>>> print(open('final-v7.tsv').read())   # TSV, C-alpha atoms
chain	number	residue	atom	x	y	z
A	1	LYS	CA	-9.27	-16.67	-7.86
A	2	GLN	CA	-10.51	-13.15	-7.34
A	3	GLU	CA	-7.83	-10.69	-6.22
A	4	VAL	CA	-8.81	-7.28	-4.84
A	5	THR	CA	-6.26	-4.50	-4.57
A	6	GLN	CA	-6.61	-1.07	-2.99
A	7	ILE	CA	-4.23	1.76	-3.71
A	8	PRO	CA	-2.93	3.71	-1.89
A	9	ALA	CA	-2.54	1.80	1.37
A	10	ALA	CA	-2.54	5.07	3.30
A	11	LEU	CA	-3.49	8.63	2.46
A	12	SER	CA	-3.23	11.88	4.42
A	13	VAL	CA	-5.01	15.02	3.24
A	14	PRO	CA	-5.90	18.43	4.66
A	15	GLU	CA	-9.50	19.11	5.61
A	16	GLY	CA	-11.71	20.27	2.77
A	17	GLU	CA	-9.90	18.40	0.02
A	18	ASN	CA	-11.73	16.18	-2.44
A	19	LEU	CA	-10.17	12.73	-2.73
A	20	VAL	CA	-10.42	9.44	-4.60
A	21	LEU	CA	-9.79	5.96	-3.29
A	22	ASN	CA	-9.15	3.16	-5.76
A	23	CYS	CA	-10.16	-0.49	-5.84
A	24	SER	CA	-9.27	-2.97	-8.56
A	25	PHE	CA	-10.31	-6.59	-9.03
A	26	THR	CA	-9.20	-9.34	-11.39
A	27	ASP	CA	-12.45	-11.18	-12.18
A	28	SER	CA	-15.13	-8.97	-13.71
A	29	ALA	CA	-17.95	-11.53	-13.23
A	30	ILE	CA	-19.17	-9.96	-10.00
A	31	TYR	CA	-22.67	-9.62	-8.56
A	32	ASN	CA	-21.93	-6.42	-6.69
A	33	LEU	CA	-19.21	-4.30	-5.09
A	34	GLN	CA	-19.39	-2.72	-1.67
A	35	TRP	CA	-17.43	0.01	0.04
A	36	PHE	CA	-17.04	-0.14	3.82
A	37	ARG	CA	-15.68	2.11	6.53
A	38	GLN	CA	-13.81	0.71	9.53
A	39	ASP	CA	-12.92	2.76	12.59
A	40	PRO	CA	-10.08	1.51	14.84
A	41	GLY	CA	-11.15	-1.44	16.98
A	42	LYS	CA	-14.58	-1.53	15.39
A	43	GLY	CA	-16.47	-3.58	12.84
A	44	LEU	CA	-17.15	-2.58	9.26
A	45	THR	CA	-19.99	-0.29	8.25
A	46	SER	CA	-21.38	-0.51	4.73
A	47	LEU	CA	-21.21	2.83	2.90
A	48	LEU	CA	-22.31	2.05	-0.63
A	49	LEU	CA	-23.34	-1.04	-2.56
A	50	ILE	CA	-23.19	-1.03	-6.36
A	51	GLN	CA	-25.00	-3.82	-8.17
A	52	SER	CA	-23.30	-5.29	-11.23
A	53	SER	CA	-25.83	-3.58	-13.52
A	54	GLN	CA	-25.13	-0.14	-12.03
A	55	ARG	CA	-22.37	2.33	-12.81
A	56	GLU	CA	-22.43	4.41	-9.64
A	57	GLN	CA	-24.05	5.08	-6.29
A	58	THR	CA	-24.17	8.24	-4.21
A	59	SER	CA	-24.73	8.91	-0.54
A	60	GLY	CA	-24.19	12.43	0.75
A	61	ARG	CA	-20.58	13.43	0.11
A	62	LEU	CA	-19.70	9.93	-1.11
A	63	ASN	CA	-19.85	8.71	-4.69
A	64	ALA	CA	-18.77	5.27	-5.81
A	65	SER	CA	-18.33	4.22	-9.42
A	66	LEU	CA	-17.99	0.79	-10.96
A	67	ASP	CA	-16.38	-0.19	-14.26
A	68	LYS	CA	-16.63	-3.97	-14.49
A	69	SER	CA	-14.93	-4.23	-17.85
A	70	SER	CA	-11.74	-2.69	-16.51
A	71	GLY	CA	-12.10	-4.25	-13.05
A	72	ARG	CA	-12.10	-0.93	-11.22
A	73	SER	CA	-14.11	1.02	-8.68
A	74	THR	CA	-13.45	4.41	-7.17
A	75	LEU	CA	-14.80	6.01	-4.00
A	76	TYR	CA	-14.95	9.78	-4.24
A	77	ILE	CA	-15.17	11.77	-1.00
A	78	ALA	CA	-16.07	15.43	-1.40
A	79	ALA	CA	-15.02	18.15	1.01
A	80	SER	CA	-13.25	15.78	3.40
A	81	GLN	CA	-13.60	16.27	7.17
A	82	PRO	CA	-11.54	15.00	10.13
A	83	GLY	CA	-14.48	12.70	10.96
A	84	ASP	CA	-13.85	10.90	7.68
A	85	SER	CA	-10.58	9.54	9.07
A	86	ALA	CA	-10.89	5.74	9.00
A	87	THR	CA	-9.91	2.74	6.93
A	88	TYR	CA	-11.96	2.25	3.78
A	89	LEU	CA	-12.32	-1.24	2.33
A	90	CYS	CA	-13.88	-2.47	-0.86
A	91	ALA	CA	-15.27	-5.95	-1.37
A	92	VAL	CA	-16.50	-7.77	-4.45
A	93	ASP	CA	-19.10	-10.50	-4.53
A	94	ASN	CA	-18.83	-13.37	-6.99
A	95	ASN	CA	-20.11	-16.36	-5.02
A	96	ASP	CA	-18.16	-15.24	-1.97
A	97	MET	CA	-16.97	-11.88	-0.75
A	98	ARG	CA	-13.34	-10.89	-1.39
A	99	PHE	CA	-11.96	-7.86	0.39
A	100	GLY	CA	-9.13	-5.51	-0.36
A	101	ALA	CA	-6.63	-4.69	2.38
A	102	GLY	CA	-8.04	-1.17	2.70
A	103	THR	CA	-6.87	2.42	2.47
A	104	ARG	CA	-6.17	4.17	5.77
A	105	LEU	CA	-7.35	7.77	5.41
A	106	THR	CA	-6.29	10.60	7.69
A	107	VAL	CA	-7.93	14.01	7.27
A	108	LYS	CA	-5.99	16.72	9.10
A	109	PRO	CA	-7.80	19.75	10.56
B	110	ASN	CA	-31.31	-2.03	17.73
B	111	ALA	CA	-28.84	-4.91	18.26
B	112	GLY	CA	-27.98	-5.94	14.66
B	113	VAL	CA	-25.11	-8.46	14.75
B	114	THR	CA	-23.80	-9.37	18.20
B	115	GLN	CA	-20.50	-11.17	18.78
B	116	THR	CA	-19.18	-12.63	22.02
B	117	PRO	CA	-16.66	-12.61	23.53
B	118	LYS	CA	-14.94	-9.38	22.48
B	119	PHE	CA	-11.55	-10.58	23.72
B	120	GLN	CA	-10.17	-14.06	24.41
B	121	VAL	CA	-6.76	-15.52	25.19
B	122	LEU	CA	-6.21	-19.22	24.59
B	123	LYS	CA	-3.34	-21.62	24.98
B	124	THR	CA	-2.27	-23.75	22.04
B	125	GLY	CA	-4.48	-26.81	21.76
B	126	GLN	CA	-7.46	-25.39	23.62
B	127	SER	CA	-10.86	-25.23	21.97
B	128	MET	CA	-13.46	-22.50	22.10
B	129	THR	CA	-16.55	-21.14	20.38
B	130	LEU	CA	-17.10	-17.61	19.13
B	131	GLN	CA	-20.77	-16.72	19.25
B	132	CYS	CA	-22.64	-14.69	16.64
B	133	ALA	CA	-26.30	-13.74	16.70
B	134	GLN	CA	-28.36	-11.45	14.47
B	135	ASP	CA	-31.87	-10.15	14.95
B	136	MET	CA	-32.58	-9.00	11.38
B	137	ASN	CA	-33.94	-12.33	10.09
B	138	HIS	CA	-31.06	-12.54	7.59
B	139	GLU	CA	-30.58	-15.79	5.74
B	140	TYR	CA	-26.90	-15.20	4.92
B	141	MET	CA	-24.31	-15.26	7.70
B	142	SER	CA	-20.55	-15.47	7.48
B	143	TRP	CA	-17.31	-15.45	9.47
B	144	TYR	CA	-14.15	-13.56	8.49
B	145	ARG	CA	-10.74	-13.13	9.99
B	146	GLN	CA	-8.81	-9.91	9.68
B	147	ASP	CA	-5.04	-9.90	9.82
B	148	PRO	CA	-2.77	-6.86	9.43
B	149	GLY	CA	-2.22	-5.91	5.79
B	150	MET	CA	-4.38	-8.75	4.46
B	151	GLY	CA	-7.92	-7.46	4.53
B	152	LEU	CA	-10.73	-9.79	5.55
B	153	ARG	CA	-10.72	-13.43	4.55
B	154	LEU	CA	-13.83	-15.59	4.49
B	155	ILE	CA	-13.73	-18.63	6.79
B	156	HIS	CA	-17.21	-20.17	6.51
B	157	TYR	CA	-20.62	-18.99	5.46
B	158	SER	CA	-24.25	-20.08	5.56
B	159	VAL	CA	-27.16	-19.25	3.25
B	160	GLY	CA	-29.79	-20.50	5.68
B	161	ALA	CA	-30.50	-22.75	8.64
B	162	GLY	CA	-28.97	-26.18	8.15
B	163	ILE	CA	-26.72	-25.05	5.27
B	164	THR	CA	-23.04	-24.17	5.63
B	165	ASP	CA	-20.12	-23.97	3.25
B	166	GLN	CA	-16.39	-23.29	3.30
B	167	GLY	CA	-14.80	-20.02	2.40
B	168	GLU	CA	-11.22	-19.13	1.58
B	169	VAL	CA	-9.55	-20.23	4.87
B	170	PRO	CA	-11.71	-22.92	6.57
B	171	ASN	CA	-9.03	-25.19	8.03
B	172	GLY	CA	-9.11	-25.43	11.83
B	173	TYR	CA	-12.64	-24.04	12.12
B	174	ASN	CA	-16.10	-25.59	12.29
B	175	VAL	CA	-19.52	-23.98	12.00
B	176	SER	CA	-23.14	-25.00	12.31
B	177	ARG	CA	-26.42	-23.19	11.65
B	178	SER	CA	-29.28	-24.71	13.62
B	179	THR	CA	-31.33	-21.49	13.68
B	180	THR	CA	-31.63	-18.44	11.44
B	181	GLU	CA	-30.36	-16.19	14.26
B	182	ASP	CA	-27.18	-17.97	15.38
B	183	PHE	CA	-23.95	-18.92	13.62
B	184	PRO	CA	-21.22	-20.04	16.06
B	185	LEU	CA	-17.60	-20.53	14.99
B	186	ARG	CA	-15.65	-23.31	16.72
B	187	LEU	CA	-11.89	-23.53	16.99
B	188	LEU	CA	-11.16	-27.20	17.53
B	189	SER	CA	-7.50	-27.03	18.63
B	190	ALA	CA	-6.22	-23.47	18.73
B	191	ALA	CA	-2.90	-22.63	17.09
B	192	PRO	CA	-0.86	-19.39	17.23
B	193	SER	CA	-1.63	-18.89	13.51
B	194	GLN	CA	-5.27	-18.39	14.52
B	195	THR	CA	-4.43	-15.24	16.45
B	196	SER	CA	-6.58	-12.68	14.68
B	197	VAL	CA	-9.65	-10.49	14.84
B	198	TYR	CA	-12.77	-12.39	13.87
B	199	PHE	CA	-15.85	-10.73	12.39
B	200	CYS	CA	-19.32	-12.12	11.88
B	201	ALA	CA	-21.55	-10.60	9.20
B	202	SER	CA	-25.05	-11.11	7.88
B	203	SER	CA	-27.19	-9.97	4.97
B	204	SER	CA	-30.58	-10.52	3.42
B	205	SER	CA	-29.12	-12.19	0.36
B	206	THR	CA	-30.60	-13.82	-2.71
B	207	PRO	CA	-29.05	-16.97	-4.21
B	208	THR	CA	-26.92	-14.86	-6.55
B	209	ASN	CA	-26.29	-11.72	-4.58
B	210	THR	CA	-24.91	-11.34	-1.08
B	211	GLY	CA	-26.44	-7.90	-0.59
B	212	GLU	CA	-25.46	-5.28	1.97
B	213	LEU	CA	-23.37	-6.83	4.73
B	214	PHE	CA	-23.89	-5.94	8.39
B	215	PHE	CA	-20.93	-6.63	10.67
B	216	GLY	CA	-20.48	-7.32	14.34
B	217	GLU	CA	-17.92	-5.43	16.44
B	218	GLY	CA	-15.37	-8.23	16.24
B	219	SER	CA	-13.74	-10.76	18.58
B	220	ARG	CA	-10.01	-10.38	19.21
B	221	LEU	CA	-8.41	-13.78	19.79
B	222	THR	CA	-4.86	-14.39	20.97
B	223	VAL	CA	-3.42	-17.90	20.99
B	224	LEU	CA	-0.27	-18.34	23.07
>>> encode(input="final-v7.tsv", output="structure tokens")
Amino acid sequence: KQEVTQIPAALSVPEGENLVLNCSFTDSAIYNLQWFRQDPGKGLTSLLLIQSSQREQTSGRLNASLDKSSGRSTLYIAASQPGDSATYLCAVDNNDMRFGAGTRLTVKP
Amino acid sequence: NAGVTQTPKFQVLKTGQSMTLQCAQDMNHEYMSWYRQDPGMGLRLIHYSVGAGITDQGEVPNGYNVSRSTTEDFPLRLLSAAPSQTSVYFCASSSSTPTNTGELFFGEGSRLTVL
């Protein structure tokens, strides 16, 4: 059974800092990995999708990497802003989607 | 620009009552799914469908039924509500292939409380 873990559970940083969120998974036979953002009381918004054949994806200030052999992905956020405050979840797809519990990010002005 | 629409947004039930959570998408996606989100546990897959007339169980299917009569709609039925089903429910869809779920689009969620 696929297990997805996100560390840390919560993170607070000052505005402008670069930061890394971590996601690990136990079964490396995945089709893809996705990173999502969730604002309080809202649904999830897909940020980046990395196919199993890819090593990374970039969108604006976001960069996600994937290392299947070690069962790890990282989400790098450059020059963080208060508007980045949200919960970030990763999910892996191997026949069904398994989600981590998320990292709650707070960026202080 | 609707995307994935869920109704109702909030619902309170008494133990033993039944209800249906509605989900509709206007993106012509073949893949649709239902998740529940509980504090500290992430999202867990309840049921999913890869096309009209095809449904399958996810990680936590007990107490829930689904059907997929059209590409657009994927309702989730609670047959006899229990307090353990108090949760936030999310519907999601994607234009998947048989081996790849693809980018998931989520609804805004339905918050259910069972007393």
>>> residues_around(input="final-v7.tsv", residues="Ala161 (chain B)", least_positions_apart="4", cutoff="9 Å", atoms="only C-alpha atoms", output="list in words")
Glu139, Ser176, Arg177, Ser178, Thr179, Thr180, Glu181 and Asp182 of chain B
>>> closest_residue(input="final-v7.tsv", among="A:Leu105, A:Gly60, A:Ser52, A:Asp93", to="Pro40 (chain A)", atoms="all atoms listed in the file")
A:Leu105
>>> interface_residues(input="final-v7.tsv", of="chain B", to="chain A", cutoff="6 Å", atoms="all atoms listed in the file", output="list in words")
Gly149, Met150, Gly151, Leu152, Asn209, Phe215, Gly216, Glu217 and Gly218 of chain B
>>> atom_distance(input="final-v7.tsv", atom1="CA of Met141 (chain B)", atom2="CA of Leu187 (chain B)")
17.6 Å
>>> atom_distance(input="final-v7.tsv", atom1="CA of Gln81 (chain A)", atom2="CA of Glu56 (chain A)")
22.4 Å
>>> atom_distance(input="final-v7.tsv", atom1="CA of Gln57 (chain A)", atom2="CA of Leu75 (chain A)")
9.6 Å
>>> residues_near_point(input="final-v7.tsv", point="(-30.3, -11.7, 8.9)", cutoff="6 Å", atoms="all atoms listed in the file", output="number ranges by chain")
B: 134, 136-139, 202-204
>>> residues_around(input="final-v7.tsv", residues="Leu19 (chain A)", least_positions_apart="6", cutoff="8 Å", atoms="only C-alpha atoms", output="VMD selection string")
chain A and resid 76 to 78 80
>>> axis_aligned_box(input="final-v7.tsv", around="region 12-17 of chain A", padding_each_side="3 Å", output="lines of an AutoDock Vina configuration file")
center_x = -7.5
center_y = 16.1
center_z = 2.8
size_x = 14.5
size_y = 14.4
size_z = 11.6
>>> residues_around(input="final-v7.tsv", residues="Ser196 (chain B)", least_positions_apart="6", cutoff="8 Å", atoms="only C-alpha atoms", output="number ranges by chain")
B: 145-147, 220-222
>>> residues_around(input="final-v7.tsv", residues="Val107 (chain A)", least_positions_apart="3", cutoff="12 Å", atoms="all atoms listed in the file", output="VMD selection string")
chain A and resid 10 to 19 77 to 87 104
>>> decode(input="final-v7.tsv", residues="region 76-104 of chain A", atoms="N, CA, C and O atoms", output="PDB file, in the first residue's frame")
ATOM      1  N   TYR A  76       9.936  23.598  -4.402  1.00  0.00           N
ATOM      2  CA  TYR A  76      10.754  24.761  -4.074  1.00  0.00           C
ATOM      3  C   TYR A  76       9.959  26.023  -4.412  1.00  0.00           C
ATOM      4  O   TYR A  76       9.449  26.155  -5.530  1.00  0.00           O
ATOM      5  N   ILE A  77       9.832  26.911  -3.425  1.00  0.00           N
ATOM      6  CA  ILE A  77       9.147  28.183  -3.636  1.00  0.00           C
ATOM      7  C   ILE A  77      10.177  29.291  -3.465  1.00  0.00           C
ATOM      8  O   ILE A  77      10.779  29.435  -2.384  1.00  0.00           O
ATOM      9  N   ALA A  78      10.373  30.058  -4.501  1.00  0.00           N
ATOM     10  CA  ALA A  78      11.358  31.144  -4.470  1.00  0.00           C
ATOM     11  C   ALA A  78      10.694  32.446  -4.035  1.00  0.00           C
ATOM     12  O   ALA A  78       9.540  32.709  -4.369  1.00  0.00           O
ATOM     13  N   ALA A  79      11.440  33.222  -3.295  1.00  0.00           N
ATOM     14  CA  ALA A  79      11.006  34.572  -2.913  1.00  0.00           C
ATOM     15  C   ALA A  79       9.566  34.569  -2.406  1.00  0.00           C
ATOM     16  O   ALA A  79       8.678  35.206  -2.988  1.00  0.00           O
ATOM     17  N   SER A  80       9.343  33.869  -1.308  1.00  0.00           N
ATOM     18  CA  SER A  80       7.971  33.646  -0.814  1.00  0.00           C
ATOM     19  C   SER A  80       7.260  34.972  -0.507  1.00  0.00           C
ATOM     20  O   SER A  80       7.886  35.980  -0.125  1.00  0.00           O
ATOM     21  N   GLN A  81       5.929  34.930  -0.676  1.00  0.00           N
ATOM     22  CA  GLN A  81       5.082  36.106  -0.457  1.00  0.00           C
ATOM     23  C   GLN A  81       3.946  35.732   0.487  1.00  0.00           C
ATOM     24  O   GLN A  81       3.562  34.550   0.552  1.00  0.00           O
ATOM     25  N   PRO A  82       3.357  36.706   1.187  1.00  0.00           N
ATOM     26  CA  PRO A  82       2.223  36.374   2.068  1.00  0.00           C
ATOM     27  C   PRO A  82       1.090  35.651   1.332  1.00  0.00           C
ATOM     28  O   PRO A  82       0.413  34.801   1.913  1.00  0.00           O
ATOM     29  N   GLY A  83       0.903  35.938   0.050  1.00  0.00           N
ATOM     30  CA  GLY A  83      -0.125  35.264  -0.736  1.00  0.00           C
ATOM     31  C   GLY A  83       0.146  33.792  -0.971  1.00  0.00           C
ATOM     32  O   GLY A  83      -0.750  33.064  -1.420  1.00  0.00           O
ATOM     33  N   ASP A  84       1.362  33.356  -0.655  1.00  0.00           N
ATOM     34  CA  ASP A  84       1.685  31.925  -0.776  1.00  0.00           C
ATOM     35  C   ASP A  84       1.191  31.130   0.425  1.00  0.00           C
ATOM     36  O   ASP A  84       1.256  29.894   0.423  1.00  0.00           O
ATOM     37  N   SER A  85       0.718  31.809   1.442  1.00  0.00           N
ATOM     38  CA  SER A  85       0.233  31.123   2.645  1.00  0.00           C
ATOM     39  C   SER A  85      -0.957  30.235   2.290  1.00  0.00           C
ATOM     40  O   SER A  85      -1.960  30.713   1.741  1.00  0.00           O
ATOM     41  N   ALA A  86      -0.824  28.956   2.566  1.00  0.00           N
ATOM     42  CA  ALA A  86      -1.838  27.948   2.210  1.00  0.00           C
ATOM     43  C   ALA A  86      -1.313  26.606   2.680  1.00  0.00           C
ATOM     44  O   ALA A  86      -0.199  26.506   3.203  1.00  0.00           O
ATOM     45  N   THR A  87      -2.112  25.578   2.460  1.00  0.00           N
ATOM     46  CA  THR A  87      -1.641  24.209   2.695  1.00  0.00           C
ATOM     47  C   THR A  87      -1.259  23.602   1.352  1.00  0.00           C
ATOM     48  O   THR A  87      -2.006  23.738   0.373  1.00  0.00           O
ATOM     49  N   TYR A  88      -0.092  22.982   1.316  1.00  0.00           N
ATOM     50  CA  TYR A  88       0.416  22.375   0.084  1.00  0.00           C
ATOM     51  C   TYR A  88       0.400  20.857   0.254  1.00  0.00           C
ATOM     52  O   TYR A  88       0.918  20.320   1.230  1.00  0.00           O
ATOM     53  N   LEU A  89      -0.230  20.188  -0.690  1.00  0.00           N
ATOM     54  CA  LEU A  89      -0.351  18.730  -0.647  1.00  0.00           C
ATOM     55  C   LEU A  89       0.307  18.109  -1.869  1.00  0.00           C
ATOM     56  O   LEU A  89       0.241  18.675  -2.970  1.00  0.00           O
ATOM     57  N   CYS A  90       0.910  16.967  -1.668  1.00  0.00           N
ATOM     58  CA  CYS A  90       1.397  16.194  -2.798  1.00  0.00           C
ATOM     59  C   CYS A  90       0.553  14.930  -2.913  1.00  0.00           C
ATOM     60  O   CYS A  90      -0.015  14.452  -1.921  1.00  0.00           O
ATOM     61  N   ALA A  91       0.472  14.403  -4.115  1.00  0.00           N
ATOM     62  CA  ALA A  91      -0.286  13.188  -4.371  1.00  0.00           C
ATOM     63  C   ALA A  91       0.440  12.372  -5.424  1.00  0.00           C
ATOM     64  O   ALA A  91       0.974  12.920  -6.379  1.00  0.00           O
ATOM     65  N   VAL A  92       0.459  11.063  -5.229  1.00  0.00           N
ATOM     66  CA  VAL A  92       1.091  10.180  -6.198  1.00  0.00           C
ATOM     67  C   VAL A  92       0.045   9.280  -6.822  1.00  0.00           C
ATOM     68  O   VAL A  92      -0.938   8.894  -6.184  1.00  0.00           O
ATOM     69  N   ASP A  93       0.253   8.981  -8.077  1.00  0.00           N
ATOM     70  CA  ASP A  93      -0.693   8.188  -8.854  1.00  0.00           C
ATOM     71  C   ASP A  93      -0.053   6.861  -9.234  1.00  0.00           C
ATOM     72  O   ASP A  93       0.880   6.824 -10.021  1.00  0.00           O
ATOM     73  N   ASN A  94      -0.503   5.768  -8.608  1.00  0.00           N
ATOM     74  CA  ASN A  94      -0.202   4.434  -9.137  1.00  0.00           C
ATOM     75  C   ASN A  94      -1.472   3.610  -9.007  1.00  0.00           C
ATOM     76  O   ASN A  94      -1.717   2.966  -8.016  1.00  0.00           O
ATOM     77  N   ASN A  95      -2.305   3.727 -10.012  1.00  0.00           N
ATOM     78  CA  ASN A  95      -3.640   3.151 -10.123  1.00  0.00           C
ATOM     79  C   ASN A  95      -4.698   3.921  -9.374  1.00  0.00           C
ATOM     80  O   ASN A  95      -5.834   3.978  -9.812  1.00  0.00           O
ATOM     81  N   ASP A  96      -4.399   4.470  -8.227  1.00  0.00           N
ATOM     82  CA  ASP A  96      -5.275   5.470  -7.619  1.00  0.00           C
ATOM     83  C   ASP A  96      -4.417   6.524  -6.946  1.00  0.00           C
ATOM     84  O   ASP A  96      -3.227   6.322  -6.736  1.00  0.00           O
ATOM     85  N   MET A  97      -5.038   7.645  -6.653  1.00  0.00           N
ATOM     86  CA  MET A  97      -4.282   8.783  -6.121  1.00  0.00           C
ATOM     87  C   MET A  97      -4.163   8.657  -4.601  1.00  0.00           C
ATOM     88  O   MET A  97      -5.154   8.447  -3.907  1.00  0.00           O
ATOM     89  N   ARG A  98      -2.943   8.800  -4.085  1.00  0.00           N
ATOM     90  CA  ARG A  98      -2.715   8.802  -2.640  1.00  0.00           C
ATOM     91  C   ARG A  98      -2.118  10.162  -2.270  1.00  0.00           C
ATOM     92  O   ARG A  98      -1.137  10.588  -2.859  1.00  0.00           O
ATOM     93  N   PHE A  99      -2.728  10.777  -1.264  1.00  0.00           N
ATOM     94  CA  PHE A  99      -2.336  12.117  -0.852  1.00  0.00           C
ATOM     95  C   PHE A  99      -1.551  12.095   0.456  1.00  0.00           C
ATOM     96  O   PHE A  99      -1.815  11.273   1.337  1.00  0.00           O
ATOM     97  N   GLY A 100      -0.630  13.035   0.567  1.00  0.00           N
ATOM     98  CA  GLY A 100      -0.046  13.322   1.859  1.00  0.00           C
ATOM     99  C   GLY A 100      -0.987  14.187   2.673  1.00  0.00           C
ATOM    100  O   GLY A 100      -1.982  14.717   2.159  1.00  0.00           O
ATOM    101  N   ALA A 101      -0.672  14.362   3.951  1.00  0.00           N
ATOM    102  CA  ALA A 101      -1.521  15.156   4.845  1.00  0.00           C
ATOM    103  C   ALA A 101      -1.311  16.646   4.661  1.00  0.00           C
ATOM    104  O   ALA A 101      -2.094  17.448   5.172  1.00  0.00           O
ATOM    105  N   GLY A 102      -0.245  17.034   3.946  1.00  0.00           N
ATOM    106  CA  GLY A 102      -0.047  18.443   3.635  1.00  0.00           C
ATOM    107  C   GLY A 102       0.922  19.142   4.557  1.00  0.00           C
ATOM    108  O   GLY A 102       1.196  18.686   5.676  1.00  0.00           O
ATOM    109  N   THR A 103       1.459  20.251   4.058  1.00  0.00           N
ATOM    110  CA  THR A 103       2.278  21.170   4.850  1.00  0.00           C
ATOM    111  C   THR A 103       1.565  22.515   4.863  1.00  0.00           C
ATOM    112  O   THR A 103       1.279  23.075   3.801  1.00  0.00           O
ATOM    113  N   ARG A 104       1.275  23.012   6.070  1.00  0.00           N
ATOM    114  CA  ARG A 104       0.608  24.313   6.201  1.00  0.00           C
ATOM    115  C   ARG A 104       1.663  25.399   6.256  1.00  0.00           C
ATOM    116  O   ARG A 104       2.444  25.467   7.209  1.00  0.00           O
TER     117      ARG A 104
END
